[in-house]
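Engineer: Let me begin by handing over the structure; questions about it come next.
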Amino acid sequence: MSISQKLFTLSTTENIGIYNLTEKVQKFIETTSVKNGQALIFSRHTTTALVINEDESRLLEDIKTYLKKLAPPTDSYLHNDLHLRDVPPDEPENAHSHLMAMTLSTNEIIPIMDGKLALGTYQSLMLVELDGPRERTFFVQVSGVT
Amino acid sequence: MSISQKLFTLSTTENIGIYNLTEKVQKFIETTSVKNGQALIFSRHTTTALVINEDESRLLEDIKTYLKKLAPPTDSYLHNDLHLRDVPPDEPENAHSHLMAMTLSTNEIIPIMDGKLALGTYQSLMLVELDGPRERTFFVQVSGVT
Amino acid sequence: MSISQKLFTLSTTENIGIYNLTEKVQKFIETTSVKNGQALIFSRHTTTALVINEDESRLLEDIKTYLKKLAPPTDSYLHNDLHLRDVPPDEPENAHSHLMAMTLSTNEIIPIMDGKLALGTYQSLMLVELDGPRERTFFVQVSGVT
């Protein structure tokens, strides 16, 4: 079995934004010798998430609206009472971002067949920034047989 | 290490419906030599999801009601403005189906112990159709030691 | 490749409560010889979930409030009509617990690098009890290369 791993960085540009990672992950797989196995993608933040769905621009706006309906940024949250917590001066009020991240997922696993991500026709792997813009990192681990 | 993989097809019969896959996956494991490892189940669609929970008929109805409350099919969504998108003539208005799928999951991983899915007493693996009826596919990858 | 697995037990003390498992899993990894690979953590119940997020006490209260808003325990659910189901006399009315569990996740996979969980600075692995207090079990499988 072969295991290859790489930490990627991503500069997000929006407060809530969605970034397609499919091609980055596919290209990394091609630098390994893995033909059949899996790619584990892991977001290393508590206010970003990963999702596998359709990368259609109007749907991406619907996703943002949906997440804001589930966890409204303007609601009151205990986590946002910064004066009651021991935090740095630039700590954001981002409880809603954490709740959105939990509703989605921190990791995704995609099978690899014949050296390619075995995604369906309309599936893309996307990172969802929920408290940006920031410098973000995600981890990709490719494992399997050559 | 051994890796075996198989693409399954499933004909769904409802617009929103829930289908127990546990036995199909268990039978596939038994055709491989894997005794300890894991089964990765991957839905290849953006309007289906996988879930591990209790297969109790009244709960399955509660799940459908819950998903429709979170993402009401009758709400307005940008993705449903089909005249503003380049789509085939039979494109459905299914933004709610995408949002429901994201709230659940595209993939599940279940440990295998002694050749069996290490599920708890009340756990079943289920595929959730969110924009059917349709022909659907899901991928199962069994990996581990013999 | 090496695969090590262990079933853990956890006595929860609250009806809805959140328990940090990070150290337990890290210590288990150190009993194996795996240096690079992954830890699969699997909850074996339909009314518990796993989540990777920040273990900050006020945020944990926000999570409970959020889950109760999404699936209110006082709403009517078909699964709670216990007289219409074949159930033991102590069966709880817990449809909301199942729905909360599905909104989060049954399993989490965390990469292992140099013998350590490759979590980000603010990430903790937590088990979410949604229908306690009870005796619970979760499964940890560590696989990879030494």
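Each chain in the structure tokens gets a letter, A, B, ..., in the order shown, and its residues are numbered from 1; ligands are numbered from 1 in order too.
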Where in stretch 55-124 of chain A does DSSP assign strand (DSSP E or B), given as a count of residues only?
Structural biologist: 11
Engineer: Where does chain C meet chain A within 10 Å, residue by residue, with the nearest atom pair and distance in Å to one decimal for each, counting only C-alpha atoms, listed by chain and rising number, as a tab-separated table?
Structural biologist:
```
residue	atom	partner	partner_atom	distance
C:Met1	CA	A:Met1	CA	6.7
C:Asn36	CA	A:Ile3	CA	7.6
C:Gly37	CA	A:Ile3	CA	7.2
C:Gln38	CA	A:Gln141	CA	8.9
C:Leu50	CA	A:Met102	CA	9.7
C:Val51	CA	A:Met102	CA	6.7
C:Ile52	CA	A:Thr106	CA	6.7
C:Asn53	CA	A:Thr46	CA	5.0
C:Glu54	CA	A:Thr46	CA	6.2
C:Asp55	CA	A:Thr46	CA	9.9
C:Glu56	CA	A:His79	CA	7.8
C:Ser57	CA	A:His79	CA	8.1
C:Arg58	CA	A:His79	CA	5.0
C:Leu59	CA	A:His79	CA	4.8
C:Leu60	CA	A:His79	CA	8.4
C:Glu61	CA	A:Leu78	CA	7.3
C:Asp62	CA	A:Tyr77	CA	6.1
C:Ile63	CA	A:Leu99	CA	6.7
C:Thr65	CA	A:Tyr77	CA	9.1
C:Tyr66	CA	A:Leu99	CA	7.5
C:Leu67	CA	A:Leu99	CA	9.3
C:Lys69	CA	A:Leu70	CA	9.0
C:Leu70	CA	A:Leu70	CA	7.7
C:Met100	CA	A:Thr103	CA	9.8
C:Met102	CA	A:Thr103	CA	9.5
C:Thr103	CA	A:Thr103	CA	6.0
C:Leu104	CA	A:Thr103	CA	5.9
C:Ser105	CA	A:Ser105	CA	8.0
C:Glu108	CA	A:Asn107	CA	7.4
C:Ile109	CA	A:Asn107	CA	7.0
C:Ile110	CA	A:Phe42	CA	7.3
C:Pro111	CA	A:Gln141	CA	7.3
C:Ile112	CA	A:Gln141	CA	9.6
C:Met113	CA	A:Gln5	CA	8.8
C:Ala118	CA	A:Arg44	CA	8.2
C:Leu119	CA	A:Arg44	CA	6.1
C:Gly120	CA	A:Arg44	CA	4.5
C:Thr121	CA	A:His45	CA	7.7
C:Tyr122	CA	A:Thr46	CA	6.6
C:Gln123	CA	A:Thr46	CA	6.1
C:Ser124	CA	A:Thr46	CA	9.0
C:Gly144	CA	A:Ile3	CA	7.8
C:Val145	CA	A:Ile3	CA	7.8
```
Engineer: Could you pull out the alpha helix (DSSP H) residues of stretch 1-144 of chain A from DSSP and send them as JSON, numbers by chain?
Structural biologist: {"A": [22, 23, 24, 25, 26, 27, 28, 29, 30, 31, 57, 58, 59, 60, 61, 62, 63, 64, 65, 66, 67, 68, 69, 70, 95, 96, 97, 98, 99, 100, 101, 102, 103]}
Engineer: For atom CA of C:Met126 and atom CA of C:Thr12, determine how far apart the two atoms are, in Å to one decimal place.
Structural biologist: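 Rounded to one decimal, the two atoms are 12.4 Å apart.
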Engineer: Distance atom CA of B:Lys27-atom CA of B:Lys116, one decimal place?
Structural biologist: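 Those two atoms sit 9.4 Å apart.
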Engineer: Between atom CA of B:Lys6 and atom CA of A:Thr31, what is the distance in Å, rounded to a tenth?
Structural biologist: 25.1 Å
